[in-house]
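Engineer: Structure supplied as coords.txt; contents: compact mmCIF, C-alpha atoms.
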```txt
# COMPACT_ATOMS: atom_id res chain seq x y z
CA MET A 1 31.89 -16.90 -14.21
CA SER A 2 33.66 -20.10 -13.24
CA GLN A 3 31.72 -22.50 -15.44
CA GLU A 4 32.64 -22.90 -19.10
CA PHE A 5 29.98 -23.20 -21.75
CA PRO A 6 31.69 -24.38 -24.92
CA PRO A 7 30.21 -23.81 -28.37
CA THR A 8 27.84 -26.56 -29.48
CA PRO A 9 27.91 -27.91 -33.04
CA LYS A 10 24.38 -26.66 -33.70
CA GLU A 11 25.17 -23.07 -32.80
CA ALA A 12 27.48 -22.69 -35.80
CA THR A 13 26.25 -21.42 -39.18
CA PRO A 14 23.55 -21.70 -40.47
CA ARG A 15 21.96 -20.82 -37.10
CA ALA A 16 20.14 -17.49 -37.38
CA MET A 17 21.72 -14.87 -35.14
CA HIS A 18 18.52 -14.13 -33.17
CA ASP A 19 18.19 -17.84 -32.26
CA MET A 20 20.07 -17.45 -28.99
CA GLY A 21 19.19 -20.40 -26.77
CA GLY A 22 22.39 -21.74 -25.17
CA VAL A 23 24.69 -19.87 -27.55
CA SER A 24 28.15 -19.94 -26.01
CA LYS A 25 29.19 -16.32 -26.56
CA PHE A 26 26.24 -15.15 -24.44
CA MET A 27 26.50 -17.76 -21.71
CA CYS A 28 28.95 -15.84 -19.54
CA LEU A 29 27.09 -12.55 -19.66
CA LYS A 30 25.71 -11.36 -16.34
CA VAL A 31 22.05 -10.43 -16.30
CA ASP A 32 21.21 -6.84 -15.42
CA THR A 33 18.27 -7.57 -13.15
CA GLU A 34 17.52 -3.92 -12.41
CA PRO A 35 14.27 -2.44 -13.71
CA HIS A 36 14.76 0.01 -16.57
CA ALA A 37 11.86 2.31 -17.34
CA LEU A 38 10.73 2.52 -20.95
CA SER A 39 11.32 5.83 -22.69
CA GLU A 40 8.72 7.78 -24.63
CA PHE A 41 10.40 6.53 -27.80
CA ASP A 42 9.98 2.93 -26.64
CA LYS A 43 6.33 3.33 -25.73
CA GLN A 44 5.45 5.10 -28.96
CA VAL A 45 7.09 2.43 -31.11
CA ASP A 46 5.25 -0.24 -29.12
CA ALA A 47 1.94 1.58 -29.57
CA ILE A 48 2.50 2.03 -33.30
CA ARG A 49 3.16 -1.69 -33.69
CA GLN A 50 -0.03 -2.54 -31.80
CA ILE A 51 -2.16 -0.22 -33.90
CA LEU A 52 -0.64 -1.51 -37.14
CA GLY A 53 -1.55 -5.00 -35.96
CA ASP A 54 -5.10 -3.97 -35.14
CA ARG A 55 -5.45 -2.40 -38.58
CA ALA A 56 -4.09 -5.62 -40.17
CA LEU A 57 -1.22 -3.66 -41.73
CA MET A 58 1.56 -5.60 -40.00
CA SER A 59 1.48 -8.78 -37.94
CA THR A 60 3.63 -9.94 -35.03
CA ASP A 61 5.14 -12.52 -37.39
CA GLU A 62 6.18 -9.79 -39.82
CA LEU A 63 7.63 -7.73 -36.98
CA ARG A 64 9.72 -10.68 -35.81
CA ARG A 65 10.89 -11.52 -39.30
CA GLY A 66 11.88 -7.90 -39.92
CA ILE A 67 13.91 -7.86 -36.71
CA GLU A 68 15.61 -11.12 -37.67
CA ALA A 69 16.62 -9.59 -40.99
CA ILE A 70 18.61 -6.80 -39.33
CA PRO A 71 22.35 -7.33 -39.96
CA GLU A 72 23.96 -8.90 -36.90
CA ALA A 73 26.18 -5.96 -35.95
CA ASP A 74 23.23 -3.58 -36.09
CA TYR A 75 21.03 -6.03 -34.19
CA HIS A 76 23.32 -5.87 -31.18
CA ARG A 77 24.05 -2.16 -31.49
CA LEU A 78 20.40 -1.07 -31.68
CA SER A 79 18.21 -1.00 -28.60
CA TYR A 80 15.21 -3.32 -28.40
CA TYR A 81 12.70 -0.75 -29.64
CA GLN A 82 15.11 0.69 -32.20
CA ARG A 83 15.05 -2.80 -33.72
CA TRP A 84 11.25 -2.76 -33.68
CA LEU A 85 11.18 0.60 -35.46
CA ARG A 86 13.61 -0.58 -38.10
CA SER A 87 11.48 -3.68 -38.70
CA ILE A 88 8.29 -1.61 -38.86
CA ALA A 89 9.80 0.78 -41.41
CA ALA A 90 11.27 -2.04 -43.52
CA THR A 91 8.04 -4.03 -43.49
CA LEU A 92 5.85 -1.06 -44.39
CA LEU A 93 8.27 -0.17 -47.21
CA GLY A 94 8.29 -3.74 -48.44
CA LYS A 95 4.50 -3.85 -48.52
CA GLY A 96 4.16 -0.48 -50.20
CA VAL A 97 2.35 1.15 -47.27
CA LEU A 98 5.17 3.70 -47.39
CA THR A 99 7.39 4.41 -50.38
CA GLU A 100 11.12 5.09 -50.31
CA ALA A 101 10.53 8.51 -51.83
CA GLU A 102 8.04 9.40 -49.11
CA LEU A 103 10.32 8.17 -46.36
CA ARG A 104 13.32 10.02 -47.78
CA ALA A 105 11.31 13.22 -47.98
CA ALA A 106 10.00 12.80 -44.45
CA LEU A 107 13.53 12.17 -43.13
CA GLU A 108 14.85 15.24 -44.90
CA ALA A 109 12.06 17.46 -43.61
CA PRO A 110 13.16 19.88 -40.89
CA MET B 1 22.36 6.04 -47.54
CA ASN B 2 20.13 3.21 -46.48
CA LEU B 3 17.01 4.97 -45.20
CA LEU B 4 16.59 2.35 -42.49
CA GLU B 5 19.93 3.31 -40.99
CA ALA B 6 18.72 6.83 -40.24
CA ASP B 7 18.94 8.06 -36.67
CA SER B 8 16.15 6.33 -34.75
CA ASP B 9 14.56 9.50 -33.40
CA ARG B 10 14.40 10.95 -36.91
CA LEU B 11 13.07 7.67 -38.27
CA LEU B 12 10.32 7.60 -35.65
CA ALA B 13 9.33 11.19 -36.43
CA ALA B 14 9.25 10.40 -40.15
CA VAL B 15 7.18 7.24 -39.72
CA ARG B 16 4.73 9.02 -37.42
CA ALA B 17 4.34 11.88 -39.89
CA LEU B 18 3.75 9.54 -42.82
CA LEU B 19 1.26 7.36 -40.95
CA ALA B 20 -0.68 10.50 -39.98
CA ALA B 21 -0.54 11.96 -43.50
CA LYS B 22 -1.98 8.72 -44.85
CA GLY B 23 -4.77 8.65 -42.30
CA ILE B 24 -3.52 5.38 -40.82
CA MET B 25 -2.98 6.68 -37.29
CA ASP B 26 -2.48 10.05 -35.70
CA ALA B 27 -0.70 11.35 -32.62
CA GLY B 28 -3.86 11.16 -30.53
CA GLU B 29 -4.37 7.48 -31.23
CA ILE B 30 -0.76 6.69 -30.47
CA ALA B 31 -0.94 8.58 -27.18
CA ALA B 32 -4.18 6.81 -26.24
CA ARG B 33 -2.63 3.44 -26.96
CA VAL B 34 0.42 4.30 -24.84
CA ARG B 35 -1.89 5.15 -21.93
CA ALA B 36 -3.91 1.97 -22.38
CA THR B 37 -0.80 -0.18 -22.51
CA ASP B 38 0.46 1.39 -19.29
CA GLU B 39 -2.60 -0.04 -17.52
CA ALA B 40 -1.32 -3.61 -17.84
CA THR B 41 1.05 -4.26 -14.95
CA PRO B 42 2.13 -7.30 -12.92
CA ALA B 43 -0.67 -6.41 -10.47
CA GLN B 44 -3.08 -8.02 -12.96
CA GLY B 45 -1.24 -11.32 -12.87
CA ALA B 46 -0.86 -11.08 -9.11
CA ARG B 47 -4.64 -10.81 -8.74
CA MET B 48 -5.03 -14.00 -10.76
CA VAL B 49 -2.46 -15.80 -8.63
CA ALA B 50 -4.06 -14.69 -5.37
CA LYS B 51 -7.47 -15.82 -6.55
CA ALA B 52 -6.09 -19.18 -7.70
CA TRP B 53 -4.54 -19.68 -4.27
CA THR B 54 -7.86 -19.14 -2.51
CA ASP B 55 -10.45 -20.44 -4.98
CA GLN B 56 -10.02 -23.99 -6.28
CA ALA B 57 -12.52 -23.60 -9.11
CA PHE B 58 -10.69 -20.50 -10.36
CA CYS B 59 -7.38 -22.30 -10.05
CA ARG B 60 -8.69 -25.12 -12.26
CA LEU B 61 -9.99 -22.59 -14.78
CA MET B 62 -6.68 -20.74 -14.80
CA LEU B 63 -4.74 -23.90 -15.54
CA ALA B 64 -7.21 -25.12 -18.16
CA ASP B 65 -7.75 -21.79 -19.94
CA GLY B 66 -5.66 -18.85 -18.81
CA THR B 67 -7.36 -16.51 -21.26
CA ARG B 68 -10.82 -17.14 -19.86
CA ALA B 69 -9.52 -16.88 -16.31
CA ALA B 70 -8.01 -13.46 -17.06
CA GLU B 71 -11.26 -12.32 -18.66
CA ALA B 72 -13.18 -13.52 -15.60
CA LEU B 73 -11.19 -10.94 -13.62
CA GLY B 74 -11.95 -8.19 -16.09
CA ILE B 75 -8.59 -8.28 -17.89
CA PRO B 76 -9.19 -7.61 -21.60
CA MET B 77 -7.90 -10.49 -23.73
CA ARG B 78 -9.86 -10.23 -26.97
CA GLY B 79 -7.63 -10.43 -30.03
CA LEU B 80 -4.62 -11.19 -27.86
CA PRO B 81 -2.51 -14.36 -27.90
CA PRO B 82 -3.73 -17.27 -25.73
CA LEU B 83 -2.44 -17.25 -22.16
CA GLY B 84 -0.98 -20.47 -20.78
CA VAL B 85 -0.44 -20.95 -17.05
CA LEU B 86 2.24 -23.22 -15.61
CA ALA B 87 1.56 -24.54 -12.11
CA ASN B 88 4.51 -24.93 -9.80
CA THR B 89 4.29 -27.81 -7.33
CA PRO B 90 6.45 -28.72 -4.34
CA ASP B 91 8.56 -30.83 -6.75
CA LEU B 92 8.47 -28.73 -9.90
CA HIS B 93 9.49 -25.15 -10.68
CA HIS B 94 8.87 -23.42 -14.00
CA LEU B 95 10.92 -20.74 -15.76
CA VAL B 96 9.62 -18.84 -18.80
CA VAL B 97 11.82 -17.51 -21.62
CA CYS B 98 11.58 -16.63 -25.29
CA THR B 99 14.95 -17.56 -26.78
CA LEU B 100 13.98 -16.34 -30.25
CA CYS B 101 12.70 -12.88 -29.36
CA SER B 102 10.81 -11.70 -26.25
CA CYS B 103 7.31 -13.19 -26.19
CA TYR B 104 5.88 -12.28 -22.80
CA PRO B 105 2.41 -12.48 -21.18
CA ARG B 106 1.94 -8.73 -21.57
CA ALA B 107 -1.81 -8.74 -21.05
CA VAL B 108 -1.37 -9.82 -17.44
CA LEU B 109 2.17 -8.67 -16.61
CA GLY B 110 2.65 -5.50 -18.67
CA TYR B 111 5.78 -4.68 -20.66
CA PRO B 112 8.51 -7.31 -20.41
CA PRO B 113 11.38 -6.28 -18.14
CA PHE B 114 14.73 -5.26 -19.64
CA TRP B 115 16.42 -8.44 -18.40
CA TYR B 116 13.86 -10.74 -20.02
CA LYS B 117 14.73 -9.31 -23.45
CA SER B 118 18.50 -9.53 -22.96
CA ALA B 119 20.83 -11.87 -24.82
CA ALA B 120 22.12 -13.12 -21.46
CA TYR B 121 18.67 -14.24 -20.32
CA ARG B 122 17.62 -15.68 -23.67
CA ALA B 123 20.81 -17.71 -23.99
CA ARG B 124 21.22 -18.89 -20.41
CA ALA B 125 17.64 -19.85 -19.54
CA VAL B 126 17.59 -23.08 -21.55
CA ARG B 127 21.21 -24.11 -20.99
CA ASP B 128 22.00 -22.96 -17.43
CA PRO B 129 18.65 -22.18 -15.80
CA ARG B 130 19.86 -22.74 -12.25
CA GLY B 131 22.88 -20.50 -12.79
CA LEU B 132 20.51 -17.90 -14.21
CA LEU B 133 18.20 -18.09 -11.18
CA ALA B 134 21.24 -17.41 -8.99
CA GLU B 135 21.40 -13.91 -10.52
CA TRP B 136 18.30 -13.22 -8.45
CA GLY B 137 19.58 -15.15 -5.47
CA THR B 138 17.04 -17.88 -6.18
CA VAL B 139 18.09 -21.39 -5.22
CA LEU B 140 15.59 -24.20 -5.66
CA PRO B 141 15.12 -26.53 -2.70
CA SER B 142 16.78 -29.92 -3.03
CA GLY B 143 14.66 -32.40 -4.96
CA VAL B 144 12.84 -29.75 -7.00
CA THR B 145 13.18 -30.17 -10.75
CA LEU B 146 13.02 -27.28 -13.15
CA THR B 147 11.12 -27.05 -16.43
CA VAL B 148 12.07 -24.20 -18.74
CA VAL B 149 9.25 -23.17 -21.08
CA ASP B 150 10.57 -21.56 -24.27
CA SER B 151 7.75 -19.46 -25.77
CA THR B 152 8.37 -20.18 -29.41
CA ALA B 153 5.01 -19.85 -31.08
CA GLU B 154 1.54 -18.69 -30.23
CA TYR B 155 1.03 -18.85 -26.49
CA ARG B 156 2.22 -16.48 -23.84
CA TRP B 157 3.15 -18.21 -20.59
CA MET B 158 3.03 -17.20 -16.93
CA VAL B 159 3.89 -19.17 -13.82
CA LEU B 160 1.43 -19.87 -11.02
CA PRO B 161 3.88 -19.96 -8.12
CA LEU B 162 3.42 -21.93 -4.90
CA ARG B 163 1.56 -20.15 -2.14
CA PRO B 164 4.08 -19.29 0.56
CA ALA B 165 3.88 -20.92 3.98
CA GLY B 166 2.49 -18.75 6.74
CA THR B 167 -0.23 -17.11 4.65
CA GLU B 168 -3.18 -19.12 5.92
CA GLY B 169 -6.29 -16.98 6.20
CA TRP B 170 -4.84 -14.06 4.23
CA SER B 171 -7.21 -12.04 2.06
CA GLU B 172 -6.80 -12.00 -1.72
CA PRO B 173 -5.47 -8.42 -1.81
CA ARG B 174 -2.92 -9.24 0.89
CA LEU B 175 -1.80 -12.32 -1.02
CA ALA B 176 -1.67 -10.42 -4.31
CA ALA B 177 0.64 -7.83 -2.76
CA LEU B 178 3.17 -10.63 -2.11
CA VAL B 179 3.39 -11.65 -5.76
CA ARG B 180 6.10 -9.94 -7.83
CA GLU B 181 6.66 -9.83 -11.57
CA GLY B 182 9.62 -12.21 -11.30
CA ASP B 183 7.54 -14.77 -9.40
CA MET B 184 5.25 -15.11 -12.42
CA ILE B 185 8.16 -15.68 -14.80
CA GLY B 186 9.98 -18.01 -12.44
CA VAL B 187 13.17 -16.11 -11.59
CA THR B 188 12.03 -15.60 -8.01
CA ILE B 189 9.84 -17.46 -5.50
CA PRO B 190 7.25 -15.61 -3.39
CA ALA B 191 7.73 -15.66 0.35
CA ILE B 192 6.52 -13.48 3.16
CA SER B 193 10.07 -12.64 4.10
CA ALA B 194 11.18 -11.82 0.52
CA THR B 195 12.56 -8.31 -0.01
CA ARG B 196 10.27 -6.18 -2.11
CA SER B 197 11.84 -5.19 -5.40
CA GLY B 198 11.45 -1.73 -6.93
CA PRO B 199 8.53 -0.44 -8.97
CA ALA B 200 7.25 -2.78 -11.65
CA CYS B 201 8.14 -0.33 -14.41
CA MET C 1 -2.87 -37.11 -38.32
CA ARG C 2 -2.88 -35.63 -34.81
CA LEU C 3 0.02 -36.55 -32.53
CA ALA C 4 -1.25 -38.05 -29.28
CA SER C 5 0.04 -37.04 -25.86
CA GLY C 6 3.01 -39.18 -24.96
CA THR C 7 4.15 -39.74 -28.56
CA VAL C 8 7.92 -39.76 -28.80
CA VAL C 9 8.98 -37.42 -31.58
CA ARG C 10 12.16 -36.27 -33.23
CA VAL C 11 12.53 -32.68 -34.40
CA ARG C 12 13.49 -32.64 -38.07
CA ASP C 13 17.18 -31.93 -38.52
CA ASP C 14 16.38 -29.43 -41.24
CA TRP C 15 17.94 -26.01 -41.78
CA PRO C 16 15.71 -23.82 -43.96
CA GLU C 17 18.14 -21.01 -43.14
CA THR C 18 20.40 -22.51 -45.83
CA ARG C 19 17.77 -22.13 -48.52
CA GLY C 20 17.06 -18.41 -48.39
CA PRO C 21 15.07 -15.90 -46.34
CA CYS C 22 12.83 -17.65 -43.83
CA HIS C 23 11.18 -17.23 -40.45
CA ILE C 24 11.49 -20.32 -38.32
CA ARG C 25 10.13 -20.79 -34.80
CA THR C 26 11.95 -24.07 -34.15
CA PRO C 27 15.03 -23.19 -32.09
CA HIS C 28 18.37 -24.41 -33.44
CA TYR C 29 19.18 -26.26 -30.26
CA LEU C 30 16.26 -28.65 -30.85
CA ARG C 31 16.91 -29.62 -34.46
CA GLY C 32 17.41 -33.40 -34.59
CA GLU C 33 16.59 -33.84 -30.89
CA SER C 34 14.04 -36.26 -29.42
CA GLY C 35 11.24 -35.35 -27.06
CA SER C 36 7.71 -36.34 -26.14
CA VAL C 37 4.43 -34.66 -26.95
CA LEU C 38 2.71 -33.25 -23.87
CA ARG C 39 -0.42 -32.02 -25.61
CA HIS C 40 -1.90 -30.44 -28.70
CA LEU C 41 -2.21 -26.69 -28.10
CA GLY C 42 -4.49 -25.90 -31.02
CA ASP C 43 -4.17 -25.06 -34.71
CA PHE C 44 -2.65 -21.75 -35.75
CA PRO C 45 -1.69 -19.99 -38.99
CA ASN C 46 1.83 -21.07 -39.97
CA PRO C 47 4.12 -18.20 -38.90
CA GLU C 48 6.68 -19.28 -41.52
CA GLU C 49 4.22 -18.04 -44.13
CA ALA C 50 2.51 -15.26 -42.17
CA ALA C 51 5.85 -13.56 -41.63
CA PHE C 52 6.01 -12.87 -45.36
CA ALA C 53 2.32 -11.91 -45.64
CA ARG C 54 1.72 -15.11 -47.62
CA PRO C 55 -1.41 -17.21 -47.09
CA ALA C 56 -0.83 -19.10 -43.85
CA PRO C 57 -2.68 -22.40 -43.44
CA LEU C 58 -3.69 -23.55 -39.97
CA CYS C 59 -1.14 -26.00 -38.59
CA PRO C 60 -1.27 -28.09 -35.43
CA LEU C 61 0.89 -26.78 -32.58
CA TYR C 62 2.18 -29.07 -29.85
CA HIS C 63 3.81 -28.64 -26.48
CA VAL C 64 6.83 -30.97 -26.56
CA ARG C 65 9.06 -31.91 -23.62
CA PHE C 66 12.82 -32.43 -23.91
CA ASP C 67 15.18 -33.76 -21.27
CA GLN C 68 17.33 -30.69 -20.52
CA PRO C 69 20.67 -32.37 -19.68
CA ALA C 70 20.42 -34.44 -22.88
CA LEU C 71 20.32 -31.27 -24.97
CA TRP C 72 23.60 -29.91 -23.62
CA GLY C 73 25.53 -32.86 -22.23
CA GLU C 74 25.20 -31.38 -18.74
CA GLY C 75 22.52 -30.18 -16.35
CA ALA C 76 20.42 -31.32 -13.41
CA PRO C 77 18.73 -34.73 -13.78
CA GLY C 78 14.97 -34.38 -14.23
CA ASP C 79 15.16 -30.84 -15.59
CA ALA C 80 13.28 -30.28 -18.83
CA VAL C 81 12.75 -27.79 -21.62
CA VAL C 82 9.22 -27.56 -23.01
CA VAL C 83 8.68 -25.87 -26.34
CA GLU C 84 5.79 -25.09 -28.73
CA LEU C 85 6.51 -26.82 -32.04
CA PHE C 86 4.44 -27.11 -35.18
CA GLY C 87 3.50 -30.57 -36.38
CA HIS C 88 5.40 -30.34 -39.65
CA TRP C 89 8.65 -30.11 -37.68
CA LEU C 90 7.98 -33.35 -35.79
CA GLU C 91 8.44 -36.97 -36.83
CA ALA C 92 6.86 -39.64 -34.66
CA THR C 93 9.45 -42.29 -33.88
CA PRO C 94 8.31 -45.89 -33.43
```
Mind turning this structure into structure tokens?

Structural biologist:
Amino acid sequence: MSQEFPPTPKEATPRAMHDMGGVSKFMCLKVDTEPHALSEFDKQVDAIRQILGDRALMSTDELRRGIEAIPEADYHRLSYYQRWLRSIAATLLGKGVLTEAELRAALEAP
Amino acid sequence: MNLLEADSDRLLAAVRALLAAKGIMDAGEIAARVRATDEATPAQGARMVAKAWTDQAFCRLMLADGTRAAEALGIPMRGLPPLGVLANTPDLHHLVVCTLCSCYPRAVLGYPPFWYKSAAYRARAVRDPRGLLAEWGTVLPSGVTLTVVDSTAEYRWMVLPLRPAGTEGWSEPRLAALVREGDMIGVTIPAISATRSGPAC
Amino acid sequence: MRLASGTVVRVRDDWPETRGPCHIRTPHYLRGESGSVLRHLGDFPNPEEAAFARPAPLCPLYHVRFDQPALWGEGAPGDAVVVELFGHWLEATP
């Protein structure tokens, strides 16, 4: 890209890493405008989030906040819906809907 | 090991199993919700646009209360975020983004496209919107200003694009078939000579 | 006190991110910037509280218009960025 987009003073710390408007390190990225179909994983995570919202167990605001709390390196490494799942699990653990012991057992199950 | 760092497929299986064991939701409900969500596609929004182009009263309703306009066309909106509609004019073009996450008018456009959720889109839309539009080959006519709407809070926003020249007398379904997903976000402009893009999802 | 359409406002140059875990829907690029209120969009539960499952009082939400080139020091004249901002982030300037 021929145009330069220098860092702005406001984009430095303490800006939260998900707050991406105009952030210089992303300004020269090309946009992949191709359609990419959602996987079964993606659609199931999306559906789970919707149902949790309907059941008043987790709100959109909590989902967003949980995503924002993901460490920056993981945030960029994880796919969009992997971030959602991580936020869902963290939020449900934090609220006691699931316990760590339960989740550990379920992860260790064959 | 931090449980949250588990492999995502294993984490999904574990969460599903626990939610079912606790009677919160089972596989059947999840599958039903997936099917229901698949029903929302850009065709819904395109129907609204086509009707607004041909029916002045509906156009006024759509601009005043997008939610009620969607409901008037049978699109379920109850419990969903309010829908705002941004009218393009010959002098003004709108572009929708969510720089903080990916808020998108899902009820009328379906799942947000991959590009809408990307760091590139979220960063560039507010700082270099015209450069961003060029990724789709979109160049605004001279004299047209651009307003970028950053969806930061409660509303979900869609664009009501300009009706293309040469469509006088067209039926609503024929007009709706012209309107693409990108036209209702503002990255493209509908025209009768525009190349059709691939499937919506 | 409701902000009327046309009121010139400044976004508070505040950074709650420095004070601990938070959830803020005011983009960084607007902090300290001036814009004008387009309209009141309604009153909604404060997401800054709702995100932590705390009681979330209804707060007024406004659509606020910012001159786009002024935000970045470059851009096309007449271009704008319009953003939903909660009233407690806005100070009316005389």

Engineer: Which protein, DNA or RNA residues are at most 6 Å from (2.8, -2.9, -15.9) in the file's coordinates when you count all atoms listed in the file, listed as a ChimeraX atom specification?

Structural biologist: /B:38,40-42,109-111

Engineer: What would the list of residues within 7 Å of (-7.4, -11.5, -13.7) (file frame) look like as a PyMOL selection string, if all atoms listed in the file are what count?

Structural biologist: chain B and resi 44-45+47-48+69-75

Engineer: Once you count all atoms listed in the file, which residues of chain A turn out to be within 8 Å of chain B? Could you give them as a ChimeraX atom specification?

Structural biologist: /A:18-24,26-38,41,43-48,51,64,80,82,85-86,89-90,98,100,102-104,106-107

Engineer: Sorted by chain and rising residue number, list the residues of chain A at most 8 Å from chain C (counting all atoms listed in the file), each with its closest atom pair and distance in Å to one decimal, as JSON lines.

Structural biologist:
```
{"residue": "A:Thr8", "atom": "CA", "partner": "C:Trp72", "partner_atom": "CA", "distance": 8.0}
{"residue": "A:Lys10", "atom": "CA", "partner": "C:Tyr29", "partner_atom": "CA", "distance": 6.2}
{"residue": "A:Glu11", "atom": "CA", "partner": "C:His28", "partner_atom": "CA", "distance": 7.0}
{"residue": "A:Pro14", "atom": "CA", "partner": "C:Glu17", "partner_atom": "CA", "distance": 6.1}
{"residue": "A:Arg15", "atom": "CA", "partner": "C:His28", "partner_atom": "CA", "distance": 6.3}
{"residue": "A:Ala16", "atom": "CA", "partner": "C:Glu17", "partner_atom": "CA", "distance": 7.0}
{"residue": "A:Asp19", "atom": "CA", "partner": "C:Pro27", "partner_atom": "CA", "distance": 6.2}
{"residue": "A:Gly21", "atom": "CA", "partner": "C:Tyr29", "partner_atom": "CA", "distance": 6.8}
{"residue": "A:Gly22", "atom": "CA", "partner": "C:Tyr29", "partner_atom": "CA", "distance": 7.5}
{"residue": "A:Ser59", "atom": "CA", "partner": "C:Ala51", "partner_atom": "CA", "distance": 7.5}
{"residue": "A:Thr60", "atom": "CA", "partner": "C:Ala51", "partner_atom": "CA", "distance": 7.8}
{"residue": "A:Asp61", "atom": "CA", "partner": "C:Ala51", "partner_atom": "CA", "distance": 4.4}
{"residue": "A:Glu62", "atom": "CA", "partner": "C:Ala51", "partner_atom": "CA", "distance": 4.2}
{"residue": "A:Leu63", "atom": "CA", "partner": "C:Ala51", "partner_atom": "CA", "distance": 7.7}
{"residue": "A:Arg64", "atom": "CA", "partner": "C:Ala51", "partner_atom": "CA", "distance": 7.6}
{"residue": "A:Arg65", "atom": "CA", "partner": "C:His23", "partner_atom": "CA", "distance": 5.8}
```

Engineer: With 6 Å as the limit and counting all atoms listed in the file, what residues in chain B lie close to chain C? Please list them as a list in words.

Structural biologist: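 Result: Thr145, Leu146, Thr147, Val148, Val149, Asp150, Thr152 and Ala153 of chain B.
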
Engineer: What lies within 12 Å of B:Thr138 using all atoms listed in the file, ignoring chain neighbours under 3 positions off, as a VMD selection string?

Structural biologist: chain B and resid 93 95 129 to 135 141 182 to 183 186 to 191 194

Engineer: Which value, in Å to one decimal, gives the distance between atom CA of B:Ala52 and atom CA of B:Val96?

Structural biologist: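 Between these atoms lies a distance of 19.2 Å.
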
Engineer: Padding of 6 Å on every side, edges along x, y and z, all listed atoms of stretch 44-59 of chain A included: what centre and edge lengths in Å, to one decimal, does that box have, as lines of an AutoDock Vina configuration file?

Structural biologist:
```
center_x = 0.8
center_y = -1.8
center_z = -35.3
size_x = 24.5
size_y = 25.9
size_z = 24.8
```

Engineer: Within 8 Å of C:Ser34, counting only C-alpha atoms, which residues show up once you throw out same-chain ones fewer than 4 positions away? Write them as an NGL selection string, please.

Structural biologist: :C and (8-11 or 66)

Engineer: Would you pick out the contacts of stretch 2-4 of chain C at 10 Å or less, using all atoms listed in the file, so that residues sharing its chain but fewer than 6 positions from it are not included, and give the list as a compact mmCIF listing (two decimals) with C-alpha atoms, in the coordinates of the input?

Structural biologist:
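Final file, around-v8.txt:
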```
# COMPACT_ATOMS: atom_id res chain seq x y z
CA SER C 36 7.71 -36.34 -26.14
CA VAL C 37 4.43 -34.66 -26.95
CA LEU C 38 2.71 -33.25 -23.87
CA ARG C 39 -0.42 -32.02 -25.61
CA HIS C 40 -1.90 -30.44 -28.70
CA PRO C 60 -1.27 -28.09 -35.43
CA LEU C 61 0.89 -26.78 -32.58
CA TYR C 62 2.18 -29.07 -29.85
CA GLY C 87 3.50 -30.57 -36.38
CA LEU C 90 7.98 -33.35 -35.79
CA GLU C 91 8.44 -36.97 -36.83
CA ALA C 92 6.86 -39.64 -34.66
```

Engineer: I'd like the neighbourhood of A:Pro71 as a PDB file with C-alpha atoms, keeping the file's coordinate frame, where a residue qualifies if any of its atoms comes within 12 Å (using all atoms listed in the file), though same-chain residues fewer than 2 positions away should be ignored.

Structural biologist:
```
ATOM      1  CA  ALA A  16      20.140 -17.490 -37.380  1.00  0.00           C
ATOM      2  CA  MET A  17      21.720 -14.870 -35.140  1.00  0.00           C
ATOM      3  CA  HIS A  18      18.520 -14.130 -33.170  1.00  0.00           C
ATOM      4  CA  GLY A  66      11.880  -7.900 -39.920  1.00  0.00           C
ATOM      5  CA  ILE A  67      13.910  -7.860 -36.710  1.00  0.00           C
ATOM      6  CA  GLU A  68      15.610 -11.120 -37.670  1.00  0.00           C
ATOM      7  CA  ALA A  69      16.620  -9.590 -40.990  1.00  0.00           C
ATOM      8  CA  ALA A  73      26.180  -5.960 -35.950  1.00  0.00           C
ATOM      9  CA  ASP A  74      23.230  -3.580 -36.090  1.00  0.00           C
ATOM     10  CA  TYR A  75      21.030  -6.030 -34.190  1.00  0.00           C
ATOM     11  CA  HIS A  76      23.320  -5.870 -31.180  1.00  0.00           C
ATOM     12  CA  ARG A  77      24.050  -2.160 -31.490  1.00  0.00           C
ATOM     13  CA  LEU A  78      20.400  -1.070 -31.680  1.00  0.00           C
ATOM     14  CA  ARG A  83      15.050  -2.800 -33.720  1.00  0.00           C
ATOM     15  CA  ARG A  86      13.610  -0.580 -38.100  1.00  0.00           C
ATOM     16  CA  SER A  87      11.480  -3.680 -38.700  1.00  0.00           C
TER      17      SER A  87
ATOM     18  CA  LEU B   4      16.590   2.350 -42.490  1.00  0.00           C
ATOM     19  CA  GLU B   5      19.930   3.310 -40.990  1.00  0.00           C
TER      20      GLU B   5
END
```

Engineer: Can you tell me, as JSON, numbers by chain, what residues are no more than 8 Å from stretch 172-178 of chain B when counting only C-alpha atoms, ignoring any on the same chain fewer than 6 positions away?

Structural biologist: {"B": [43, 46, 47, 49, 50, 51, 54, 190, 191, 192]}
